[in-house]
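Worksheet: the structure to be examined is printed underneath.
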Amino acid sequence: MRIVLIMVLSLLGCSGSIDEPVSYFNVETPRPFGYVNGDEIPQRIIIEIRSGISLQPGSLPAKGQINRWLNLNQVTVKQTGQRYQIDLLYQVFYAPLEVKSLTLPGFTIQLSQGEKSIGQNVPAWTFTLSPLRELVVRQTEQGEYMRPDSPPPLLANNQVLYGLAASLSVAVLIAAYLAYLYGCFPGMSRRTVFKLALRKLAGLSKADMEQALTVVHHALNSLNGQPLFFNRLGEFYRRNPEYLQINAQLAWFFNYSNRYFFSDGMIAVAQDLQQLKELCEQCRKIERGSQ
């Protein structure tokens, strides 16, 4: 019997909380100090109500001027089921001569359940407002004392520096590669043999055919690392396969050279010298990697 009585009393004690229209209520405010004229002060109200009860938006403060020093700039209501989030944004227009306490006015949120109206009080909130300047302004020889403006914060430029360094590195590598292809490094003579040969051929005529043939032979020998003859072209191609594409021109060169040096009555013509220069130009393109 005693146990039954305890259970009945417990149910009666809980019945009041079950019938409460507001299951949760909280007012969130920022710091109550450190404000000056023109600052905005946010206030958030969280209220959770029982099913069947609704909030009356008309009971919330109206946007606009509250009093001579306080404005309500924004009123936002977000509803999630029976949970309401009310965001108010106040702005203060008061310039005190010293630190002063001010109060955001309280108000009552009206809730309705059918024809019945229920009120939930939002308490007033007190904060302090600071002056923009000292009550007694300091003076200097130049007049009224003013602190210098705060310097602007520096923007992080690490990404820009990294990008610049990467771009410069790529540019240097490309320049070095092009210089290598064009034979600008003295220690890499294998990349300049036909470049030098073309320079020498440029000043020769058909009357200098012997010298022109010698120039091309010297270039091929330098590239091969030893004297190059027609019957050793196969070995030359194995070491330098990129020159296989001009096999016909090289074969013509060696045949022409043999006839010129070892045949009687061989007469050089301008077309022969031009063909020799074209062969050297093709070798130069291969040397540079552009063919």
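Note on naming: chains are A, B, ... as they come in the structure tokens, residues start from 1 per chain, ligands start from 1 in the order shown.
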What's the 12 Å shell around Glu278 in chain A, counting only C-alpha atoms, without same-chain residues fewer than 2 positions away, as a PDB file with all heavy atoms, in the first residue's frame?
```pdb
ATOM      1  N   PHE A 194      77.349  20.508 -85.604  1.00  0.00           N
ATOM      2  CA  PHE A 194      76.737  20.931 -86.864  1.00  0.00           C
ATOM      3  C   PHE A 194      76.409  22.422 -86.860  1.00  0.00           C
ATOM      4  O   PHE A 194      76.294  23.032 -87.920  1.00  0.00           O
ATOM      5  CB  PHE A 194      75.495  20.097 -87.151  1.00  0.00           C
ATOM      6  CG  PHE A 194      75.817  18.666 -87.472  1.00  0.00           C
ATOM      7  CD1 PHE A 194      75.598  17.664 -86.551  1.00  0.00           C
ATOM      8  CD2 PHE A 194      76.378  18.327 -88.696  1.00  0.00           C
ATOM      9  CE1 PHE A 194      75.912  16.343 -86.836  1.00  0.00           C
ATOM     10  CE2 PHE A 194      76.695  17.008 -88.996  1.00  0.00           C
ATOM     11  CZ  PHE A 194      76.470  16.009 -88.064  1.00  0.00           C
ATOM     12  N   ALA A 197      79.594  23.719 -88.012  1.00  0.00           N
ATOM     13  CA  ALA A 197      79.772  23.361 -89.418  1.00  0.00           C
ATOM     14  C   ALA A 197      78.950  24.270 -90.325  1.00  0.00           C
ATOM     15  O   ALA A 197      79.423  24.702 -91.387  1.00  0.00           O
ATOM     16  CB  ALA A 197      79.382  21.902 -89.626  1.00  0.00           C
ATOM     17  N   LEU A 198      77.720  24.581 -89.917  1.00  0.00           N
ATOM     18  CA  LEU A 198      76.884  25.475 -90.722  1.00  0.00           C
ATOM     19  C   LEU A 198      77.498  26.865 -90.827  1.00  0.00           C
ATOM     20  O   LEU A 198      77.407  27.521 -91.873  1.00  0.00           O
ATOM     21  CB  LEU A 198      75.481  25.560 -90.109  1.00  0.00           C
ATOM     22  CG  LEU A 198      74.527  24.414 -90.453  1.00  0.00           C
ATOM     23  CD1 LEU A 198      73.243  24.532 -89.651  1.00  0.00           C
ATOM     24  CD2 LEU A 198      74.209  24.407 -91.950  1.00  0.00           C
ATOM     25  N   LEU A 201      80.209  26.586 -93.426  1.00  0.00           N
ATOM     26  CA  LEU A 201      79.681  26.400 -94.781  1.00  0.00           C
ATOM     27  C   LEU A 201      79.058  27.676 -95.330  1.00  0.00           C
ATOM     28  O   LEU A 201      79.007  27.873 -96.551  1.00  0.00           O
ATOM     29  CB  LEU A 201      78.631  25.282 -94.777  1.00  0.00           C
ATOM     30  CG  LEU A 201      79.141  23.858 -94.572  1.00  0.00           C
ATOM     31  CD1 LEU A 201      77.979  22.880 -94.533  1.00  0.00           C
ATOM     32  CD2 LEU A 201      80.124  23.465 -95.676  1.00  0.00           C
ATOM     33  N   ALA A 202      78.569  28.532 -94.440  1.00  0.00           N
ATOM     34  CA  ALA A 202      77.879  29.740 -94.900  1.00  0.00           C
ATOM     35  C   ALA A 202      78.795  30.646 -95.724  1.00  0.00           C
ATOM     36  O   ALA A 202      78.326  31.369 -96.609  1.00  0.00           O
ATOM     37  CB  ALA A 202      77.322  30.500 -93.704  1.00  0.00           C
ATOM     38  N   VAL A 216      82.097  18.950 -93.255  1.00  0.00           N
ATOM     39  CA  VAL A 216      81.027  18.004 -92.904  1.00  0.00           C
ATOM     40  C   VAL A 216      81.623  16.702 -92.381  1.00  0.00           C
ATOM     41  O   VAL A 216      81.109  16.110 -91.414  1.00  0.00           O
ATOM     42  CB  VAL A 216      80.117  17.755 -94.122  1.00  0.00           C
ATOM     43  CG1 VAL A 216      79.042  16.727 -93.781  1.00  0.00           C
ATOM     44  CG2 VAL A 216      79.471  19.058 -94.576  1.00  0.00           C
ATOM     45  N   ILE A 246      67.784  10.277 -91.933  1.00  0.00           N
ATOM     46  CA  ILE A 246      68.426  10.943 -93.083  1.00  0.00           C
ATOM     47  C   ILE A 246      69.473  10.011 -93.702  1.00  0.00           C
ATOM     48  O   ILE A 246      70.502  10.466 -94.217  1.00  0.00           O
ATOM     49  CB  ILE A 246      69.069  12.282 -92.660  1.00  0.00           C
ATOM     50  CG1 ILE A 246      70.097  12.068 -91.536  1.00  0.00           C
ATOM     51  CG2 ILE A 246      68.010  13.278 -92.233  1.00  0.00           C
ATOM     52  CD1 ILE A 246      70.930  13.315 -91.248  1.00  0.00           C
ATOM     53  N   GLN A 249      70.364  10.853 -97.365  1.00  0.00           N
ATOM     54  CA  GLN A 249      71.221  12.023 -97.545  1.00  0.00           C
ATOM     55  C   GLN A 249      72.666  11.726 -97.141  1.00  0.00           C
ATOM     56  O   GLN A 249      73.612  12.184 -97.791  1.00  0.00           O
ATOM     57  CB  GLN A 249      70.681  13.202 -96.726  1.00  0.00           C
ATOM     58  CG  GLN A 249      69.363  13.768 -97.238  1.00  0.00           C
ATOM     59  CD  GLN A 249      68.160  13.081 -96.623  1.00  0.00           C
ATOM     60  OE1 GLN A 249      68.234  11.896 -96.275  1.00  0.00           O
ATOM     61  NE2 GLN A 249      67.057  13.794 -96.504  1.00  0.00           N
ATOM     62  N   LEU A 250      72.832  10.939 -96.056  1.00  0.00           N
ATOM     63  CA  LEU A 250      74.193  10.585 -95.639  1.00  0.00           C
ATOM     64  C   LEU A 250      74.860   9.667 -96.665  1.00  0.00           C
ATOM     65  O   LEU A 250      76.068   9.801 -96.949  1.00  0.00           O
ATOM     66  CB  LEU A 250      74.160   9.916 -94.266  1.00  0.00           C
ATOM     67  CG  LEU A 250      73.863  10.837 -93.077  1.00  0.00           C
ATOM     68  CD1 LEU A 250      73.721  10.026 -91.792  1.00  0.00           C
ATOM     69  CD2 LEU A 250      74.970  11.881 -92.905  1.00  0.00           C
ATOM     70  N   PHE A 253      76.031  11.768 -99.414  1.00  0.00           N
ATOM     71  CA  PHE A 253      77.220  12.534 -99.035  1.00  0.00           C
ATOM     72  C   PHE A 253      78.488  11.691 -99.183  1.00  0.00           C
ATOM     73  O   PHE A 253      79.484  12.139 -99.764  1.00  0.00           O
ATOM     74  CB  PHE A 253      77.082  13.037 -97.594  1.00  0.00           C
ATOM     75  CG  PHE A 253      78.366  13.533 -97.007  1.00  0.00           C
ATOM     76  CD1 PHE A 253      78.926  14.739 -97.428  1.00  0.00           C
ATOM     77  CD2 PHE A 253      79.052  12.786 -96.059  1.00  0.00           C
ATOM     78  CE1 PHE A 253      80.138  15.188 -96.898  1.00  0.00           C
ATOM     79  CE2 PHE A 253      80.249  13.233 -95.529  1.00  0.00           C
ATOM     80  CZ  PHE A 253      80.798  14.438 -95.948  1.00  0.00           C
ATOM     81  N   GLN A 271      74.536  23.394-107.085  1.00  0.00           N
ATOM     82  CA  GLN A 271      73.506  22.516-106.534  1.00  0.00           C
ATOM     83  C   GLN A 271      74.101  21.528-105.540  1.00  0.00           C
ATOM     84  O   GLN A 271      73.477  21.189-104.533  1.00  0.00           O
ATOM     85  CB  GLN A 271      72.802  21.771-107.674  1.00  0.00           C
ATOM     86  CG  GLN A 271      71.702  20.829-107.222  1.00  0.00           C
ATOM     87  CD  GLN A 271      70.554  21.569-106.547  1.00  0.00           C
ATOM     88  OE1 GLN A 271      70.296  22.737-106.857  1.00  0.00           O
ATOM     89  NE2 GLN A 271      69.879  20.894-105.623  1.00  0.00           N
ATOM     90  N   ASP A 272      75.328  21.063-105.820  1.00  0.00           N
ATOM     91  CA  ASP A 272      75.984  20.127-104.896  1.00  0.00           C
ATOM     92  C   ASP A 272      76.254  20.794-103.550  1.00  0.00           C
ATOM     93  O   ASP A 272      76.033  20.196-102.486  1.00  0.00           O
ATOM     94  CB  ASP A 272      77.297  19.630-105.510  1.00  0.00           C
ATOM     95  CG  ASP A 272      77.069  18.839-106.788  1.00  0.00           C
ATOM     96  OD1 ASP A 272      75.957  18.284-106.934  1.00  0.00           O
ATOM     97  OD2 ASP A 272      77.988  18.790-107.623  1.00  0.00           O
ATOM     98  N   LEU A 273      76.741  22.040-103.592  1.00  0.00           N
ATOM     99  CA  LEU A 273      77.009  22.752-102.345  1.00  0.00           C
ATOM    100  C   LEU A 273      75.712  23.017-101.571  1.00  0.00           C
ATOM    101  O   LEU A 273      75.670  22.892-100.341  1.00  0.00           O
ATOM    102  CB  LEU A 273      77.724  24.072-102.637  1.00  0.00           C
ATOM    103  CG  LEU A 273      78.093  24.909-101.410  1.00  0.00           C
ATOM    104  CD1 LEU A 273      79.073  24.160-100.516  1.00  0.00           C
ATOM    105  CD2 LEU A 273      78.692  26.259-101.825  1.00  0.00           C
ATOM    106  N   GLN A 274      74.652  23.347-102.308  1.00  0.00           N
ATOM    107  CA  GLN A 274      73.365  23.582-101.651  1.00  0.00           C
ATOM    108  C   GLN A 274      72.846  22.313-100.989  1.00  0.00           C
ATOM    109  O   GLN A 274      72.318  22.337 -99.874  1.00  0.00           O
ATOM    110  CB  GLN A 274      72.347  24.103-102.677  1.00  0.00           C
ATOM    111  CG  GLN A 274      70.977  24.413-102.096  1.00  0.00           C
ATOM    112  CD  GLN A 274      71.017  25.490-101.028  1.00  0.00           C
ATOM    113  OE1 GLN A 274      71.850  26.405-101.087  1.00  0.00           O
ATOM    114  NE2 GLN A 274      70.141  25.399-100.044  1.00  0.00           N
ATOM    115  N   GLN A 275      73.019  21.182-101.674  1.00  0.00           N
ATOM    116  CA  GLN A 275      72.574  19.908-101.101  1.00  0.00           C
ATOM    117  C   GLN A 275      73.400  19.561 -99.860  1.00  0.00           C
ATOM    118  O   GLN A 275      72.880  18.999 -98.893  1.00  0.00           O
ATOM    119  CB  GLN A 275      72.695  18.808-102.160  1.00  0.00           C
ATOM    120  CG  GLN A 275      71.933  17.534-101.818  1.00  0.00           C
ATOM    121  CD  GLN A 275      71.830  16.597-103.013  1.00  0.00           C
ATOM    122  OE1 GLN A 275      72.129  16.986-104.153  1.00  0.00           O
ATOM    123  NE2 GLN A 275      71.410  15.364-102.759  1.00  0.00           N
ATOM    124  N   LEU A 276      74.678  19.926 -99.896  1.00  0.00           N
ATOM    125  CA  LEU A 276      75.539  19.682 -98.740  1.00  0.00           C
ATOM    126  C   LEU A 276      75.093  20.531 -97.544  1.00  0.00           C
ATOM    127  O   LEU A 276      75.059  20.058 -96.399  1.00  0.00           O
ATOM    128  CB  LEU A 276      76.991  20.000 -99.118  1.00  0.00           C
ATOM    129  CG  LEU A 276      78.073  19.523 -98.156  1.00  0.00           C
ATOM    130  CD1 LEU A 276      78.067  18.009 -98.057  1.00  0.00           C
ATOM    131  CD2 LEU A 276      79.444  20.022 -98.621  1.00  0.00           C
ATOM    132  N   CYS A 280      73.583  19.369 -93.809  1.00  0.00           N
ATOM    133  CA  CYS A 280      74.100  19.881 -92.541  1.00  0.00           C
ATOM    134  C   CYS A 280      72.979  20.521 -91.714  1.00  0.00           C
ATOM    135  O   CYS A 280      72.959  20.405 -90.484  1.00  0.00           O
ATOM    136  CB  CYS A 280      75.213  20.889 -92.822  1.00  0.00           C
ATOM    137  SG  CYS A 280      76.304  21.173 -91.416  1.00  0.00           S
ATOM    138  N   GLU A 281      72.037  21.179 -92.371  1.00  0.00           N
ATOM    139  CA  GLU A 281      70.900  21.779 -91.658  1.00  0.00           C
ATOM    140  C   GLU A 281      70.011  20.703 -91.035  1.00  0.00           C
ATOM    141  O   GLU A 281      69.525  20.854 -89.903  1.00  0.00           O
ATOM    142  CB  GLU A 281      70.084  22.644 -92.617  1.00  0.00           C
ATOM    143  CG  GLU A 281      70.779  23.947 -92.997  1.00  0.00           C
ATOM    144  CD  GLU A 281      69.993  24.733 -94.029  1.00  0.00           C
ATOM    145  OE1 GLU A 281      68.955  24.200 -94.505  1.00  0.00           O
ATOM    146  OE2 GLU A 281      70.405  25.854 -94.372  1.00  0.00           O
ATOM    147  N   GLN A 282      69.805  19.596 -91.767  1.00  0.00           N
ATOM    148  CA  GLN A 282      69.009  18.500 -91.203  1.00  0.00           C
ATOM    149  C   GLN A 282      69.718  17.880 -89.998  1.00  0.00           C
ATOM    150  O   GLN A 282      69.085  17.549 -88.988  1.00  0.00           O
ATOM    151  CB  GLN A 282      68.743  17.445 -92.274  1.00  0.00           C
ATOM    152  CG  GLN A 282      67.751  17.899 -93.342  1.00  0.00           C
ATOM    153  CD  GLN A 282      67.513  16.830 -94.384  1.00  0.00           C
ATOM    154  OE1 GLN A 282      68.405  16.035 -94.691  1.00  0.00           O
ATOM    155  NE2 GLN A 282      66.317  16.803 -94.939  1.00  0.00           N
ATOM    156  N   CYS A 283      71.032  17.747 -90.103  1.00  0.00           N
ATOM    157  CA  CYS A 283      71.793  17.225 -88.961  1.00  0.00           C
ATOM    158  C   CYS A 283      71.706  18.182 -87.772  1.00  0.00           C
ATOM    159  O   CYS A 283      71.636  17.748 -86.612  1.00  0.00           O
ATOM    160  CB  CYS A 283      73.255  17.015 -89.366  1.00  0.00           C
ATOM    161  SG  CYS A 283      73.515  15.658 -90.532  1.00  0.00           S
ATOM    162  N   ARG A 284      71.693  19.470 -88.059  1.00  0.00           N
ATOM    163  CA  ARG A 284      71.583  20.459 -86.980  1.00  0.00           C
ATOM    164  C   ARG A 284      70.224  20.359 -86.289  1.00  0.00           C
ATOM    165  O   ARG A 284      70.130  20.465 -85.064  1.00  0.00           O
ATOM    166  CB  ARG A 284      71.794  21.864 -87.552  1.00  0.00           C
ATOM    167  CG  ARG A 284      71.563  22.993 -86.556  1.00  0.00           C
ATOM    168  CD  ARG A 284      72.440  22.859 -85.348  1.00  0.00           C
ATOM    169  NE  ARG A 284      72.207  23.938 -84.391  1.00  0.00           N
ATOM    170  CZ  ARG A 284      72.520  23.888 -83.119  1.00  0.00           C
ATOM    171  NH1 ARG A 284      73.071  22.785 -82.613  1.00  0.00           N
ATOM    172  NH2 ARG A 284      72.293  24.909 -82.321  1.00  0.00           N
ATOM    173  N   LYS A 285      69.159  20.145 -87.056  1.00  0.00           N
ATOM    174  CA  LYS A 285      67.834  19.994 -86.456  1.00  0.00           C
ATOM    175  C   LYS A 285      67.778  18.766 -85.549  1.00  0.00           C
ATOM    176  O   LYS A 285      67.199  18.802 -84.465  1.00  0.00           O
ATOM    177  CB  LYS A 285      66.776  19.890 -87.550  1.00  0.00           C
ATOM    178  CG  LYS A 285      66.547  21.189 -88.311  1.00  0.00           C
ATOM    179  CD  LYS A 285      65.490  21.002 -89.386  1.00  0.00           C
ATOM    180  CE  LYS A 285      65.250  22.298 -90.161  1.00  0.00           C
ATOM    181  NZ  LYS A 285      64.237  22.116 -91.232  1.00  0.00           N
TER     182      LYS A 285
END
```
Range 76-93 of chain A environment, 10 Å, only C-alpha atoms, sequence neighbours closer than 5 positions dropped, as a PyMOL selection string: chain A and resi 22-28+35-55+57+60-61+63-71+102+104+129
Selection near Asn121 in chain A, 7 Å with only C-alpha atoms, sequence-local residues under 3 positions removed, as a PyMOL selection string: chain A and resi 107-109
Which of A:Ser169, A:Ser222, A:Asn157, A:Asn255 sits closest to Thr192 in chain A [using only C-alpha atoms]: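 Closest to Thr192 in chain A, using only C-alpha atoms: A:Ser222.
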Atomic separation - CA of Val215 in chain A relative to CA of Phe262 in chain A, Å: 17.6 Å
d(CA of Phe261 in chain A, CA of Gln245 in chain A) in Å: 26.2 Å
